[in-house]
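File shown: run_38.txt. Contents: compact mmCIF, C-alpha atoms.
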```txt
# COMPACT_ATOMS: atom_id res chain seq x y z
CA MET N 24 128.25 100.66 196.90
CA GLY N 25 131.00 102.47 194.96
CA SER N 26 133.02 99.33 194.42
CA SER N 27 129.87 97.49 193.35
CA LYS N 28 129.06 100.11 190.69
CA THR N 29 132.65 100.04 189.47
CA ALA N 30 132.48 96.27 189.10
CA ILE N 31 129.23 96.54 187.15
CA ARG N 32 130.70 99.18 184.81
CA PHE N 33 133.83 97.09 184.29
CA GLY N 34 131.73 94.03 183.50
CA ALA N 35 129.67 95.96 180.95
CA VAL N 36 132.80 97.29 179.22
CA ALA N 37 134.32 93.80 179.10
CA ALA N 38 131.13 92.39 177.59
CA ALA N 39 131.05 95.13 174.95
CA VAL N 40 134.67 94.43 174.00
CA ALA N 41 133.92 90.70 173.73
CA ILE N 42 130.92 91.36 171.47
CA ALA N 43 132.95 93.72 169.26
CA ALA N 44 135.71 91.12 168.94
CA THR N 45 133.18 88.48 167.92
CA VAL N 46 131.64 90.74 165.27
CA GLY N 47 135.10 91.60 163.96
CA ALA N 48 135.98 87.92 163.66
CA ALA N 49 132.78 87.20 161.73
CA THR N 50 133.50 90.08 159.32
CA SER N 51 137.06 88.86 158.77
CA ALA N 52 135.83 85.32 158.11
CA GLN N 53 133.67 86.60 155.27
CA ALA N 54 136.76 88.09 153.64
CA SER N 55 138.96 85.00 153.91
CA GLY N 56 140.30 83.78 150.59
CA PRO N 57 143.52 83.29 148.63
CA GLY N 58 143.58 86.56 146.72
CA PRO N 59 141.44 89.59 145.95
CA THR N 60 138.35 90.51 147.89
CA GLY N 61 135.14 92.23 146.86
CA VAL N 62 132.46 94.32 148.51
CA VAL N 63 128.80 93.45 147.92
CA THR N 64 127.07 96.50 146.43
CA ALA N 65 123.52 95.19 145.87
CA ALA N 66 121.09 97.31 147.90
CA SER N 67 119.04 94.33 149.06
CA GLY N 68 121.98 91.94 149.45
CA LEU N 69 123.23 89.25 147.10
CA ASN N 70 122.37 85.57 146.78
CA ALA N 71 125.18 83.08 146.26
CA ARG N 72 124.37 80.04 144.14
CA GLN N 73 125.69 76.54 143.63
CA ALA N 74 126.87 77.37 140.11
CA PRO N 75 127.44 80.55 138.05
CA THR N 76 123.90 80.78 136.74
CA THR N 77 120.73 82.38 138.07
CA GLN N 78 119.05 79.00 137.57
CA ALA N 79 121.22 77.30 140.22
CA THR N 80 120.14 76.63 143.80
CA LYS N 81 120.68 79.43 146.32
CA THR N 82 123.35 78.38 148.83
CA PHE N 83 123.98 81.56 150.83
CA ALA N 84 123.01 85.24 151.15
CA TYR N 85 125.45 88.15 151.58
CA GLN N 86 124.38 91.49 153.01
CA ARG N 87 125.20 94.80 151.34
CA GLY N 88 128.63 96.08 152.32
CA VAL N 89 130.04 92.67 153.31
CA THR N 90 133.57 91.90 152.09
CA VAL N 91 133.97 88.46 150.52
CA GLY N 92 136.99 86.51 149.30
CA LEU N 93 137.11 86.06 145.51
CA TYR N 94 138.76 82.74 144.72
CA CYS N 95 138.40 82.79 140.93
CA ARG N 96 136.09 83.91 138.12
CA THR N 97 134.18 82.36 135.24
CA THR N 98 131.53 83.59 132.87
CA GLY N 99 127.88 82.74 133.41
CA THR N 100 124.36 84.11 133.17
CA SER N 101 124.38 87.78 132.15
CA VAL N 102 123.20 89.98 135.02
CA GLY N 103 123.03 93.75 134.58
CA GLY N 104 125.13 93.47 131.44
CA SER N 105 127.91 91.48 133.15
CA ARG N 106 128.68 87.79 132.51
CA VAL N 107 131.36 87.65 135.22
CA TRP N 108 130.76 85.35 138.20
CA TYR N 109 133.00 84.85 141.23
CA SER N 110 133.55 81.80 143.43
CA THR N 111 133.47 83.03 147.04
CA ASN N 112 134.46 79.88 148.93
CA SER N 113 137.12 77.19 148.65
CA SER N 114 134.67 74.41 147.79
CA GLY N 115 133.21 76.23 144.77
CA THR N 116 129.62 76.12 146.03
CA ARG N 117 129.00 79.85 146.50
CA TRP N 118 128.90 81.78 143.24
CA VAL N 119 127.90 85.44 142.93
CA THR N 120 127.42 87.64 139.89
CA GLY N 121 130.10 90.25 139.37
CA ALA N 122 127.42 92.83 138.59
CA TYR N 123 127.02 93.54 142.31
CA VAL N 124 130.55 93.01 143.61
CA ASP N 125 133.25 95.70 143.67
CA ALA N 126 136.48 93.71 143.33
CA SER N 127 139.66 95.00 144.97
CA GLY N 128 141.81 93.87 142.06
CA PRO N 129 142.11 91.39 139.18
CA VAL N 130 140.59 87.99 139.95
CA PRO N 131 142.19 84.90 138.34
CA ARG N 132 140.22 82.80 135.93
CA CYS N 133 138.99 79.49 137.32
CA PRO N 134 140.41 77.15 138.38
CA SER N 135 142.70 78.97 140.78
CA GLY N 136 146.26 77.64 140.80
CA ALA N 137 148.28 76.13 137.98
CA THR N 138 146.59 73.21 136.27
CA GLY N 139 146.21 71.82 132.78
CA ASP N 140 142.98 71.84 130.80
CA ALA N 141 141.20 68.60 129.98
CA LYS N 142 140.31 67.53 126.45
CA ALA N 143 136.83 66.23 125.65
CA VAL N 144 135.02 65.13 122.51
CA ALA N 145 131.33 65.70 121.77
CA THR N 146 129.47 62.38 121.57
CA THR N 147 126.56 64.03 119.76
CA GLY N 148 125.63 67.44 118.45
CA LEU N 149 125.06 69.83 121.34
CA THR N 150 124.68 73.48 122.24
CA LEU N 151 127.27 75.57 124.05
CA ARG N 152 125.73 78.05 126.48
CA SER N 153 126.64 81.21 128.36
CA GLY N 154 126.10 79.50 131.73
CA PRO N 155 125.75 75.98 133.16
CA SER N 156 122.06 75.39 132.49
CA THR N 157 119.83 74.79 129.48
CA SER N 158 118.04 78.06 130.32
CA ASP N 159 121.19 80.08 129.66
CA GLN N 160 121.75 81.82 126.35
CA VAL N 161 122.93 79.78 123.36
CA VAL N 162 126.50 80.66 122.39
CA ALA N 163 127.23 78.25 119.53
CA PRO N 164 126.49 74.74 118.28
CA LEU N 165 129.07 71.98 118.65
CA GLN N 166 129.08 69.16 116.14
CA SER N 167 129.44 65.51 117.10
CA GLY N 168 133.10 64.49 117.17
CA SER N 169 134.36 68.02 117.78
CA SER N 170 137.03 68.51 120.44
CA VAL N 171 136.93 71.09 123.22
CA TRP N 172 139.21 72.03 126.09
CA ALA N 173 137.62 72.20 129.53
CA ARG N 174 139.16 74.35 132.24
CA CYS N 175 137.03 73.05 135.11
CA LYS N 176 133.61 71.72 136.11
CA VAL N 177 130.67 72.54 138.41
CA ARG N 178 127.51 70.80 139.57
CA SER N 179 124.42 72.46 138.16
CA GLN N 180 121.29 71.44 136.25
CA SER N 181 120.98 67.69 135.73
CA VAL N 182 120.85 66.61 132.09
CA ASP N 183 119.82 62.97 131.64
CA SER N 184 120.94 62.20 135.22
CA ASN N 185 124.31 63.96 134.83
CA ASP N 186 124.64 67.24 136.77
CA LEU N 187 128.21 68.11 135.70
CA TRP N 188 128.89 71.06 133.43
CA TYR N 189 132.26 71.92 131.87
CA TYR N 190 133.60 75.47 131.70
CA LEU N 191 135.39 75.65 128.35
CA GLU N 192 138.38 77.67 127.13
CA SER N 193 135.96 79.55 124.87
CA ASP N 194 134.23 81.04 127.97
CA SER N 195 131.16 78.91 127.27
CA TRP N 196 129.58 75.94 129.04
CA ALA N 197 128.62 72.43 127.96
CA SER N 198 126.80 69.60 129.71
CA ALA N 199 129.19 66.76 130.53
CA ARG N 200 126.41 64.36 129.55
CA TYR N 201 127.37 64.80 125.90
CA LEU N 202 131.16 64.96 126.27
CA ARG N 203 133.69 62.14 126.48
CA ASN N 204 136.99 62.74 128.28
CA VAL N 205 140.06 61.86 126.22
CA ASN N 206 143.83 62.04 126.67
CA GLY N 207 144.91 65.57 125.82
CA GLY N 208 148.63 64.83 125.84
CA PRO N 209 151.49 65.98 128.12
CA GLY N 210 150.52 68.68 130.62
CA ALA N 211 146.79 68.10 130.21
CA ASN N 212 144.37 66.79 132.81
CA ARG N 213 142.52 63.56 132.06
CA ILE N 214 139.35 64.87 133.75
CA PRO N 215 138.48 68.54 134.44
CA VAL N 216 139.18 69.78 137.97
CA TRP N 217 136.53 71.61 140.01
CA CYS N 218 135.97 75.32 139.38
CA ARG N 219 137.17 76.92 142.63
```

Full structure transcribed into structure tokens:
Amino acid sequence: MGSSKTAIRFGAVAAAVAIAATVGAATSAQASGPGPTGVVTAASGLNARQAPTTQATKTFAYQRGVTVGLYCRTTGTSVGGSRVWYSTNSSGTRWVTGAYVDASGPVPRCPSGATGDAKAVATTGLTLRSGPSTSDQVVAPLQSGSSVWARCKVRSQSVDSNDLWYYLESDSWASARYLRNVNGGPGANRIPVWCR
């Protein structure tokens, strides 16, 4: 009987260790990323979205206290007085507002890594916005023929069957539907890279 009880206790301890290791691995996976991390501070958790706007589709949900990798930052919809948004995965499809994330250090501006901006010209008069949707706040008008420099792009609200939005050097956003990519010269990208 004694040896049987010992075996049972040993099995229970081994199972507990295995469970703890699994939980630890899941927690570490949340924090994976090429740079700073952040802790989710929202009491009820935090929704991640396809683009840095509250109008974008929800793609994930983080619980309070979870540590996430912060790949890069852009501006977007103002939440709680903050326009900062973070990309929390390598594919750029999980964006969270910085209002509810306590970052461990400075987060690089998107796109992460060295890359040149892309030049684009407005094909018609359009409106620059604070985030990648027509529901986001108007920042400034852009006249037809005006040039802008785009740092990167995301998929967000579709405008006339085009769901690409460009994140501009001016920390504003413009629908790619009304922009034409042009050669920006040496060191420039021909087409904006993805924001991630």

Practice problem: Please provide the set of residues having any atom within 7 Å of stretch 199-215 of chain N, restricted to all atoms listed in the file, with same-chain residues fewer than 6 positions apart removed, written as a PyMOL selection string. | Solution: chain N and resi 139-147+173-176+182+185+187-189

Quiz prompt | Pick from N:Tyr123, N:Trp108, N:Trp196, N:Trp217 nearest to N:Thr90, counting all atoms listed in the file | solution =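 Looking only at the distances to N:Thr90, the closest residue turns out to be N:Tyr123.
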
Self-check item: N:Thr150, N:Ser113, N:Ser193, N:Ser170 ranked by distance to N:Thr97, top pick (using all atoms listed in the file)
Solution: N:Ser193

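Closest to N:Thr76 among N:Pro164, N:Gly121, N:Gly136, N:Gly88 is N:Gly121, based on only C-alpha atoms.
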
Quiz prompt | Interatomic distance, atom CA of N:Asp159 to atom CA of N:Thr100 (Å, one decimal) | solution = 6.2 Å

Exercise. Quote the spacing between atom CA of N:Arg152 and atom CA of N:Glu192 in Å to one decimal place.
Key: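 So the answer is 12.7 Å.
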